[in-house]
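Novice: My structure file structure33.cif, mmCIF, C-alpha atoms and all ligand atoms, is below:
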```
data_coords
#
loop_
_atom_site.label_atom_id
_atom_site.label_comp_id
_atom_site.auth_asym_id
_atom_site.auth_seq_id
_atom_site.Cartn_x
_atom_site.Cartn_y
_atom_site.Cartn_z
CA MET A 1 21.41 32.93 176.49
CA THR A 2 21.95 30.98 179.72
CA VAL A 3 25.61 30.95 180.67
CA ALA A 4 27.61 27.72 180.58
CA ALA A 5 28.00 26.33 184.09
CA ARG A 6 30.71 23.72 183.54
CA ILE A 7 33.86 25.16 182.03
CA LEU A 8 37.13 23.59 180.89
CA VAL A 9 40.13 25.92 181.22
CA THR A 10 43.33 24.70 179.57
CA GLY A 11 46.59 26.20 180.79
CA SER A 12 45.00 26.33 184.23
CA ALA A 13 48.36 26.52 186.02
CA GLY A 14 49.52 29.46 183.92
CA ARG A 15 49.60 33.21 184.43
CA VAL A 16 46.21 33.89 182.85
CA GLY A 17 44.57 30.48 183.31
CA SER A 18 45.04 30.31 187.07
CA LYS A 19 43.41 33.71 187.64
CA LEU A 20 40.60 32.87 185.25
CA VAL A 21 39.87 29.63 187.13
CA ARG A 22 39.56 31.57 190.40
CA ARG A 23 37.23 34.15 188.85
CA LEU A 24 34.99 31.40 187.45
CA LEU A 25 34.89 29.55 190.78
CA ASP A 26 34.10 32.81 192.60
CA ALA A 27 31.18 33.23 190.19
CA GLY A 28 29.82 29.83 191.22
CA ARG A 29 30.82 27.93 188.09
CA GLU A 30 32.25 24.42 187.95
CA VAL A 31 35.73 24.27 186.48
CA THR A 32 38.02 21.58 185.11
CA GLY A 33 41.64 22.62 184.65
CA PHE A 34 43.89 20.88 182.11
CA ASP A 35 47.62 21.45 182.25
CA LEU A 36 50.94 19.65 182.52
CA ARG A 37 51.23 21.07 186.03
CA PRO A 38 48.74 21.16 188.91
CA ALA A 39 47.06 24.53 189.40
CA GLY A 40 47.25 24.16 193.18
CA ILE A 41 43.59 25.08 193.56
CA GLU A 42 41.60 23.40 196.34
CA HIS A 43 37.89 23.97 195.77
CA PRO A 44 34.91 21.62 195.77
CA ALA A 45 33.86 22.80 192.28
CA TYR A 46 37.36 22.36 190.80
CA ARG A 47 38.86 19.30 189.09
CA ASP A 48 42.45 19.10 187.80
CA VAL A 49 43.34 16.95 184.78
CA LEU A 50 47.09 16.60 184.34
CA GLY A 51 48.62 15.81 180.96
CA GLY A 52 49.71 17.13 177.61
CA PHE A 53 47.13 18.50 175.17
CA ASP A 54 48.25 15.91 172.59
CA ASP A 55 47.57 13.05 175.03
CA ARG A 56 44.21 11.79 173.75
CA ALA A 57 43.19 10.00 176.95
CA ALA A 58 43.91 13.09 179.07
CA ALA A 59 42.16 15.38 176.55
CA SER A 60 39.13 13.10 176.51
CA ASP A 61 38.97 13.14 180.31
CA ALA A 62 39.39 16.94 180.39
CA VAL A 63 36.56 17.74 177.94
CA SER A 64 34.02 15.39 179.51
CA GLY A 65 31.00 17.32 180.72
CA ALA A 66 32.31 20.69 179.45
CA GLU A 67 29.66 23.18 178.35
CA ALA A 68 32.34 25.66 177.31
CA ILE A 69 36.05 25.32 176.61
CA LEU A 70 38.56 28.12 177.16
CA HIS A 71 41.72 26.91 175.41
CA LEU A 72 44.41 29.13 176.91
CA GLY A 73 47.23 26.65 177.41
CA ALA A 74 50.21 26.81 175.10
CA PHE A 75 53.95 26.47 175.09
CA MET A 76 55.71 29.81 174.57
CA SER A 77 59.30 29.73 173.38
CA TRP A 78 61.44 31.52 170.85
CA LEU A 79 64.43 29.19 171.17
CA PRO A 80 65.20 27.25 167.97
CA ALA A 81 65.81 24.11 170.06
CA ASP A 82 62.17 24.17 171.27
CA GLY A 83 60.58 23.89 167.80
CA ASP A 84 59.35 20.30 168.07
CA ARG A 85 57.84 20.83 171.51
CA LEU A 86 56.18 24.06 170.34
CA PHE A 87 54.33 22.40 167.46
CA ARG A 88 53.41 19.34 169.56
CA ALA A 89 51.85 21.49 172.29
CA ASN A 90 50.24 24.27 170.24
CA VAL A 91 49.27 22.59 166.96
CA GLU A 92 49.03 18.83 167.53
CA GLY A 93 47.77 19.47 171.07
CA THR A 94 45.06 21.85 169.82
CA ARG A 95 44.04 19.36 167.11
CA VAL A 96 43.68 16.48 169.57
CA LEU A 97 41.87 18.61 172.14
CA LEU A 98 39.37 19.89 169.56
CA GLU A 99 38.74 16.41 168.16
CA GLU A 100 37.85 15.28 171.65
CA ALA A 101 35.80 18.44 172.19
CA ALA A 102 33.79 17.68 169.04
CA ARG A 103 32.44 14.57 170.75
CA VAL A 104 31.02 16.48 173.74
CA LYS A 105 29.75 19.44 171.67
CA PRO A 106 30.31 22.33 174.08
CA ARG A 107 28.19 25.44 173.57
CA ARG A 108 31.21 27.72 173.22
CA LEU A 109 34.95 27.66 172.50
CA VAL A 110 37.35 30.52 173.25
CA PHE A 111 40.93 30.32 171.96
CA ALA A 112 43.95 32.34 173.11
CA SER A 113 45.84 33.40 170.01
CA SER A 114 48.50 36.10 169.92
CA GLY A 115 49.39 39.39 168.25
CA GLU A 116 52.37 37.45 166.89
CA VAL A 117 50.09 36.22 164.08
CA TYR A 118 50.45 39.67 162.40
CA PRO A 119 53.24 40.02 163.76
CA GLU A 120 53.18 43.29 165.71
CA THR A 121 56.92 43.84 165.34
CA VAL A 122 56.73 44.05 161.53
CA PRO A 123 53.39 45.78 160.90
CA ASP A 124 52.09 46.76 157.47
CA TYR A 125 50.25 49.64 159.18
CA LEU A 126 49.40 51.00 162.62
CA PRO A 127 47.34 50.68 164.67
CA LEU A 128 47.09 46.96 164.06
CA ASP A 129 43.49 45.85 163.73
CA GLU A 130 41.95 42.43 163.20
CA ASP A 131 41.96 42.88 159.40
CA HIS A 132 45.74 43.21 159.26
CA PRO A 133 47.30 40.48 157.06
CA LEU A 134 48.50 37.43 158.99
CA LYS A 135 52.19 36.87 158.29
CA PRO A 136 53.87 35.46 161.43
CA ARG A 137 57.67 35.56 161.52
CA SER A 138 58.31 33.29 164.53
CA PRO A 139 57.54 29.56 164.83
CA TYR A 140 55.49 30.47 167.94
CA GLY A 141 53.39 32.95 165.91
CA LEU A 142 52.96 30.31 163.20
CA THR A 143 51.66 27.79 165.77
CA LYS A 144 49.09 30.37 166.90
CA LEU A 145 47.94 31.00 163.33
CA LEU A 146 47.63 27.24 162.75
CA GLY A 147 45.71 27.06 166.03
CA GLU A 148 43.28 29.70 164.71
CA GLU A 149 42.73 27.60 161.56
CA LEU A 150 42.09 24.48 163.67
CA VAL A 151 39.57 26.45 165.74
CA ARG A 152 37.66 27.76 162.69
CA PHE A 153 37.68 24.24 161.17
CA PHE A 154 36.26 22.85 164.41
CA GLU A 155 33.63 25.60 164.43
CA ARG A 156 32.52 24.86 160.83
CA VAL A 157 32.39 21.10 161.22
CA SER A 158 31.08 20.81 164.78
CA VAL A 159 28.84 23.90 164.66
CA VAL A 160 30.20 25.10 168.00
CA PRO A 161 30.53 28.92 168.03
CA ALA A 162 34.14 29.94 168.64
CA THR A 163 35.81 33.20 169.61
CA ILE A 164 39.46 33.89 168.85
CA LEU A 165 41.22 36.36 171.12
CA ARG A 166 44.53 37.69 169.85
CA PHE A 167 46.23 38.41 173.13
CA SER A 168 48.44 41.39 173.73
CA HIS A 169 51.63 40.78 175.66
CA THR A 170 50.40 40.02 179.19
CA GLN A 171 52.00 40.29 182.59
CA ASP A 172 51.07 40.11 186.23
CA ALA A 173 51.79 43.67 187.41
CA ALA A 174 54.27 42.36 189.99
CA GLU A 175 56.42 40.90 187.20
CA LEU A 176 57.26 44.31 185.75
CA LEU A 177 59.91 45.13 188.36
CA ASP A 178 61.10 41.56 188.95
CA PRO A 179 64.42 40.67 187.29
CA GLU A 180 63.44 36.97 187.62
CA SER A 181 60.29 37.39 185.50
CA VAL A 182 60.61 35.41 182.30
CA PHE A 183 59.47 38.36 180.15
CA SER A 184 59.95 41.53 182.20
CA GLY A 185 63.40 40.49 183.47
CA PRO A 186 65.05 40.58 180.03
CA ARG A 187 62.82 43.41 178.84
CA PHE A 188 63.79 45.90 181.53
CA PHE A 189 66.84 44.61 183.46
CA LEU A 190 70.37 44.70 182.02
CA HIS A 191 71.81 41.40 183.27
CA PRO A 192 68.80 39.20 182.36
CA LYS A 193 68.74 40.99 178.98
CA ILE A 194 72.37 40.09 178.31
CA ARG A 195 71.67 36.44 179.23
CA GLN A 196 68.57 36.35 176.99
CA GLN A 197 70.35 37.83 173.98
CA GLU A 198 73.21 35.35 174.50
CA SER A 199 70.68 32.46 174.47
CA PHE A 200 69.22 33.78 171.18
CA GLY A 201 72.74 34.07 169.71
CA ASN A 202 72.26 37.83 169.09
CA MET A 203 75.90 38.62 169.64
CA ALA A 204 75.72 42.16 168.19
CA ALA A 205 73.11 43.05 170.85
CA VAL A 206 75.16 41.32 173.54
CA ALA A 207 78.18 43.45 172.62
CA VAL A 208 76.21 46.71 172.89
CA LEU A 209 74.62 45.67 176.18
CA LYS A 210 77.95 44.59 177.68
CA GLN A 211 79.45 47.98 176.84
CA ALA A 212 76.88 49.54 179.18
CA ASP A 213 77.53 47.02 181.97
CA ASP A 214 79.63 48.22 184.87
CA GLY A 215 78.81 45.10 186.90
CA ARG A 216 75.86 46.71 188.73
CA GLU A 217 72.27 45.76 187.88
CA ALA A 218 70.53 48.51 185.93
CA LEU A 219 67.30 49.18 184.09
CA VAL A 220 67.42 49.46 180.32
CA LEU A 221 65.55 51.92 178.13
CA SER A 222 65.65 49.97 174.85
CA ARG A 223 65.71 51.90 171.60
CA ASN A 224 66.27 50.70 168.05
CA GLU A 225 69.43 51.41 166.08
CA ALA A 226 67.99 54.77 164.95
CA GLY A 227 67.31 55.81 168.57
CA ARG A 228 63.54 55.22 168.54
CA PRO A 229 62.40 54.06 172.00
CA PHE A 230 60.46 50.79 172.15
CA GLN A 231 56.67 50.95 172.44
CA MET A 232 54.36 47.96 172.88
CA HIS A 233 51.21 46.91 174.68
CA ILE A 234 51.70 45.29 178.08
CA THR A 235 48.36 44.24 179.53
CA ASP A 236 47.56 43.27 183.10
CA THR A 237 46.42 39.66 183.56
CA ARG A 238 43.26 40.87 185.34
CA ASP A 239 42.19 42.85 182.29
CA MET A 240 42.80 39.79 180.11
CA VAL A 241 40.56 37.72 182.38
CA ASP A 242 37.80 40.34 182.02
CA GLY A 243 38.04 40.06 178.22
CA ILE A 244 37.98 36.25 178.24
CA LEU A 245 34.85 36.25 180.41
CA LEU A 246 33.13 38.59 177.94
CA ALA A 247 34.11 36.29 175.05
CA LEU A 248 32.71 33.34 177.00
CA ASP A 249 29.35 34.81 177.93
CA HIS A 250 28.51 37.53 175.39
CA GLU A 251 26.18 36.42 172.59
CA ALA A 252 27.83 38.81 170.11
CA ALA A 253 31.25 37.16 170.56
CA ALA A 254 30.21 33.96 168.75
CA GLY A 255 32.26 33.47 165.60
CA ARG A 256 34.28 36.67 166.12
CA THR A 257 38.00 37.42 166.32
CA TYR A 258 39.23 40.19 168.64
CA ASN A 259 42.46 41.84 169.64
CA LEU A 260 42.48 41.75 173.43
CA GLY A 261 44.72 44.10 175.35
CA ALA A 262 45.34 47.48 176.93
CA THR A 263 44.01 50.52 175.10
CA GLU A 264 47.30 52.44 175.16
CA PRO A 265 50.75 50.95 174.50
CA ALA A 266 53.53 51.32 177.08
CA ASP A 267 55.93 54.02 175.91
CA PHE A 268 59.32 52.96 177.26
CA ALA A 269 60.81 56.46 177.02
CA ALA A 270 58.05 57.80 179.25
CA ALA A 271 57.99 54.86 181.69
CA LEU A 272 61.61 53.89 182.34
CA PRO A 273 62.78 57.04 184.20
CA GLY A 274 59.96 56.55 186.73
CA MET A 275 60.76 52.84 187.04
CA ALA A 276 64.41 53.73 187.77
CA GLU A 277 63.31 56.20 190.43
CA LEU A 278 61.01 53.65 192.08
CA THR A 279 63.68 50.93 192.15
CA GLY A 280 66.72 53.14 192.85
CA LEU A 281 68.51 51.43 189.96
CA PRO A 282 70.57 53.32 187.39
CA LEU A 283 68.99 53.70 183.94
CA LYS A 284 70.94 52.88 180.78
CA THR A 285 69.62 54.03 177.42
CA ILE A 286 70.75 51.50 174.84
CA ASP A 287 70.37 51.58 171.07
CA LEU A 288 70.04 47.94 170.03
CA PRO A 289 70.83 46.70 166.52
CA GLY A 290 67.80 46.30 164.26
CA SER A 291 64.43 48.00 163.84
CA GLY A 292 63.32 47.28 167.41
CA VAL A 293 59.80 47.08 168.78
CA PHE A 294 57.30 49.85 168.06
CA TYR A 295 53.60 49.22 167.64
CA ARG A 296 50.09 50.13 168.65
CA THR A 297 47.23 47.62 168.50
CA SER A 298 43.59 48.63 168.34
CA ASN A 299 41.15 47.07 170.81
CA ALA A 300 38.26 49.10 169.32
CA ARG A 301 36.37 46.04 168.06
CA ILE A 302 36.08 44.29 171.42
CA ARG A 303 35.33 47.57 173.20
CA THR A 304 32.54 48.40 170.76
CA GLU A 305 31.01 44.94 170.33
CA LEU A 306 31.39 43.48 173.83
CA GLY A 307 31.84 46.58 176.02
CA TYR A 308 35.39 45.62 177.05
CA GLU A 309 37.01 48.23 179.30
CA PRO A 310 40.54 47.53 180.59
CA ARG A 311 41.20 49.05 184.02
CA TRP A 312 44.95 48.61 184.52
CA THR A 313 47.00 51.32 182.81
CA PHE A 314 50.74 50.73 182.64
CA ASP A 315 51.32 53.42 185.30
CA ARG A 316 48.91 51.65 187.64
CA MET A 317 50.65 48.32 187.04
CA ILE A 318 54.03 49.90 187.82
CA GLU A 319 52.71 51.35 191.09
CA GLU A 320 51.64 47.88 192.18
CA ALA A 321 54.92 46.36 190.95
CA ALA A 322 56.86 48.85 193.08
CA GLN A 323 54.88 47.92 196.20
CA VAL A 324 55.50 44.21 195.63
CA ARG A 325 59.19 44.82 194.93
CA ALA A 326 59.56 46.88 198.10
CA LYS A 327 58.09 43.99 200.14
CA ARG A 328 60.28 41.43 198.32
CA THR A 329 63.51 43.33 198.86
CA SER A 330 62.86 44.60 202.42
P1 LIG A 401 51.75 30.53 180.79
O1 LIG A 401 53.02 30.00 180.17
O2 LIG A 401 51.83 31.21 182.11
O3 LIG A 401 50.70 29.34 180.90
C1 LIG A 401 50.56 28.35 179.90
C2 LIG A 401 50.22 27.04 180.59
O4 LIG A 401 50.10 26.04 179.57
C3 LIG A 401 51.32 26.57 181.55
O5 LIG A 401 50.77 26.36 182.84
C4 LIG A 401 51.85 25.29 180.92
O6 LIG A 401 52.20 24.30 181.88
C5 LIG A 401 50.68 24.84 180.07
N1 LIG A 401 51.13 24.01 178.95
C6 LIG A 401 52.11 24.29 178.07
N2 LIG A 401 52.24 23.28 177.20
C7 LIG A 401 51.32 22.35 177.53
C8 LIG A 401 50.96 21.09 176.99
N3 LIG A 401 51.57 20.57 175.94
N4 LIG A 401 49.96 20.39 177.59
C9 LIG A 401 49.32 20.90 178.71
N5 LIG A 401 49.63 22.10 179.24
C10 LIG A 401 50.60 22.81 178.66
O7 LIG A 401 51.08 31.47 179.68
P2 LIG A 401 50.12 32.73 179.87
O8 LIG A 401 50.95 33.97 179.94
O9 LIG A 401 49.10 32.45 180.91
O10 LIG A 401 49.42 32.74 178.43
C11 LIG A 401 48.16 32.13 178.20
C12 LIG A 401 47.89 32.05 176.71
O11 LIG A 401 48.02 33.32 176.11
C13 LIG A 401 48.84 31.14 175.92
O12 LIG A 401 48.10 30.50 174.92
C14 LIG A 401 49.81 32.09 175.29
O13 LIG A 401 50.37 31.55 174.11
C15 LIG A 401 48.89 33.27 175.01
N6 LIG A 401 49.61 34.55 174.95
C16 LIG A 401 50.29 34.99 176.03
C17 LIG A 401 50.95 36.21 175.96
C18 LIG A 401 51.73 36.74 177.14
O14 LIG A 401 52.40 37.75 176.96
N7 LIG A 401 51.67 36.15 178.31
C19 LIG A 401 50.88 36.98 174.79
C20 LIG A 401 50.16 36.51 173.71
C21 LIG A 401 49.51 35.28 173.80
#
```
Will you turn the file into structure tokens for me?
Ligand code: NAD
Specialist:
Amino acid sequence: MTVAARILVTGSAGRVGSKLVRRLLDAGREVTGFDLRPAGIEHPAYRDVLGGFDDRAAASDAVSGAEAILHLGAFMSWLPADGDRLFRANVEGTRVLLEEAARVKPRRLVFASSGEVYPETVPDYLPLDEDHPLKPRSPYGLTKLLGEELVRFFERVSVVPATILRFSHTQDAAELLDPESVFSGPRFFLHPKIRQQESFGNMAAVAVLKQADDGREALVLSRNEAGRPFQMHITDTRDMVDGILLALDHEAAAGRTYNLGATEPADFAAALPGMAELTGLPLKTIDLPGSGVFYRTSNARIRTELGYEPRWTFDRMIEEAAQVRAKRTS
């Protein structure tokens, strides 16, 4: 198969999309980015289309000339107030984009779904594989499942082979030790975690977290109410980009659905003491109300079928995060 030369990347200003665009340009491919925000990329082979995915004129402009479409853009929010925006961006936006795509008949479509379609936090069994029942619990997870259905519908009707990638939680390594990071801040740092739980209205969690707060920033080793430390996959953006490129170019990926993420989950009990040492912050072990987060997702299918091999272990990501933090705080 000859590889597609002209690629549309949606979500091109985002964490994953922006790095993917650079990798494609480095490989000599022509790229159109489509996002609400500019990607800030100056390159002769790059074109930015600004707009919402549900804006038909913008979507039509974005898909023109595309030989492959990597639909990575989405709105991520777990706030009840964001429900309308979530469905407009992720469901209506995907529908409009794919209708426009059907007119240009790309050779390949890749869609960024999420492990929240299972969801990972309430698994029927572990490790989670692609055959696990799909029973999302969050509106965000539901929009991703509806997105998968729209993609398979588009594939059947337009006869464009599509690959669905169910993304693991994904971070730039530098985010892991940054209290300002939208995900890692509340995951690992006490004060952002208190603010996040307040915004969700989880007042029982807020009370427990505040008990541990002596006014000084601290790292948090989160455990559930029975004292089981959290465990989840946290994958480096660079490894995600490798997987997306395989889905784009590998013949065997056509029509397939894959979990995409790190091979081993991050074990918070093992990782947090080292993170506290590297940052010099105190470590608070906190048992949060509820069953907590504890899962393992199998990436065996994509490793076996496409030869995917993630390179960034959690320890390696933390090493890089510590270097970036040292520069930021010096
Ligand atoms: P990101 O938030 O950094 O980037 C998403 C981009 O989409 C942003 O630049 C945003 O401006 C754009 N966007 C949002 N709504 C839009 C709309 N209506 N029209 C046009 N552009 C819009 O996200 P990311 O971390 O790069 O994630 C990429 C994809 O992976 C998303 O589909 C996300 O749902 C999925 N995903 C991410 C994670 C994660 O942990 N980061 C986990 C599972 C799945």
Novice: Please compute the atom CA of A:Leu72-atom CA of A:Arg311 distance, one decimal, in Å.
Specialist: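 Answer for the atom CA of A:Leu72 to atom CA of A:Arg311 separation: 21.4 Å.
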Novice: Under the rule that all atoms listed in the file are counted, which of A:Met76, A:Ala81, A:Leu306, A:Ala4 is the nearest residue to A:Arg107?
Specialist: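 Under the stated criterion, the closest residue is A:Ala4.
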Novice: Measuring atom to atom with only C-alpha atoms, identify which of A:Pro229, A:Gly280, A:Pro310, A:Gly292 is nearest to A:Val122.
Specialist: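 Closest to A:Val122 of all the choices is A:Gly292.
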Novice: At a cut-off of 9 Å and counting only C-alpha atoms and all ligand atoms, what residues surround ligand LIG 401 (chain A)? Please answer as an MDAnalysis selection string.
Specialist: chainID A and resid 10:19 34:39 50:55 71:76 85:86 88:90 92:93 111:116 140:141 144 165:172 183 234:235 237
Novice: Measuring between all atoms listed in the file, which one of A:Ala321, A:Leu288, A:Ala58, A:Leu190 shows the shortest distance to A:Ala226?
Specialist: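 So, comparing all the options, the nearest one is A:Leu288.
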Novice: What does the structure give for the distance between atom CA of A:Val31 and atom CA of A:Lys105, in Å to one decimal?
Specialist: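 About the pair atom CA of A:Val31 and atom CA of A:Lys105: they are 16.7 Å apart.
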Novice: Out of A:Leu281, A:Leu221, A:Val110, A:Leu145, which residue has the shortest atom-to-atom distance to A:Ala254 when counting only C-alpha atoms?
Specialist: A:Val110
Novice: Return the single residue from A:Pro282, A:Pro161, A:Gly201, A:Pro273 that is closest to A:Arg108, with distances computed using all atoms listed in the file.
Specialist: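 Result for the nearest residue to A:Arg108: A:Pro161.
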Novice: Can you pull out every residue within 12 Å of A:Thr313, counting only C-alpha atoms, but drop anything in the same chain fewer than 5 positions away, and send it as a list in words?
Specialist: Ala173, His233, Ile234, Thr235, Asp236, Thr237, Arg238, Asp239, Gly261, Ala262, Thr263, Glu264, Pro265, Ala266, Asp267, Ala271, Ile318, Glu319 and Glu320 of chain A
Novice: Given all atoms listed in the file as the basis, pick out the residue of A:Ile69, A:Phe188, A:Ala252, A:Ala204 nearest to A:Thr304.
Specialist: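 So, comparing all the options, the nearest one is A:Ala252.
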Novice: Could you tell me how far atom CA of A:Leu142 sits from atom CA of A:Pro80, in Å to one decimal place?
Specialist: 13.5 Å
Novice: Please work out which residues fall within 12 Å of (35.9, 12.4, 167.0), coordinates as given in the file, with only C-alpha atoms counting, and return them as a ChimeraX atom specification.
Specialist: /A:56,59-60,95-105,154,157-158
Novice: Write the residues of the selection above to a file with C-alpha atoms, as an mmCIF file, in the frame of the given file.
Specialist:
```cif
data_model
loop_
_atom_site.group_PDB
_atom_site.id
_atom_site.type_symbol
_atom_site.label_atom_id
_atom_site.label_comp_id
_atom_site.auth_asym_id
_atom_site.auth_seq_id
_atom_site.Cartn_x
_atom_site.Cartn_y
_atom_site.Cartn_z
ATOM 1 C CA ARG A 56 44.210 11.790 173.750
ATOM 2 C CA ALA A 59 42.160 15.380 176.550
ATOM 3 C CA SER A 60 39.130 13.100 176.510
ATOM 4 C CA ARG A 95 44.040 19.360 167.110
ATOM 5 C CA VAL A 96 43.680 16.480 169.570
ATOM 6 C CA LEU A 97 41.870 18.610 172.140
ATOM 7 C CA LEU A 98 39.370 19.890 169.560
ATOM 8 C CA GLU A 99 38.740 16.410 168.160
ATOM 9 C CA GLU A 100 37.850 15.280 171.650
ATOM 10 C CA ALA A 101 35.800 18.440 172.190
ATOM 11 C CA ALA A 102 33.790 17.680 169.040
ATOM 12 C CA ARG A 103 32.440 14.570 170.750
ATOM 13 C CA VAL A 104 31.020 16.480 173.740
ATOM 14 C CA LYS A 105 29.750 19.440 171.670
ATOM 15 C CA PHE A 154 36.260 22.850 164.410
ATOM 16 C CA VAL A 157 32.390 21.100 161.220
ATOM 17 C CA SER A 158 31.080 20.810 164.780
#
```
Novice: Would you kindly return, as a ChimeraX atom specification, each protein, DNA or RNA residue with an atom no farther than 12 Å from any atom of A:Ala218, considering only C-alpha atoms and excluding same-chain residues fewer than 3 positions away?
Specialist: /A:177,179,185-194,209-210,212-215,221,272-273,275-277,279-286
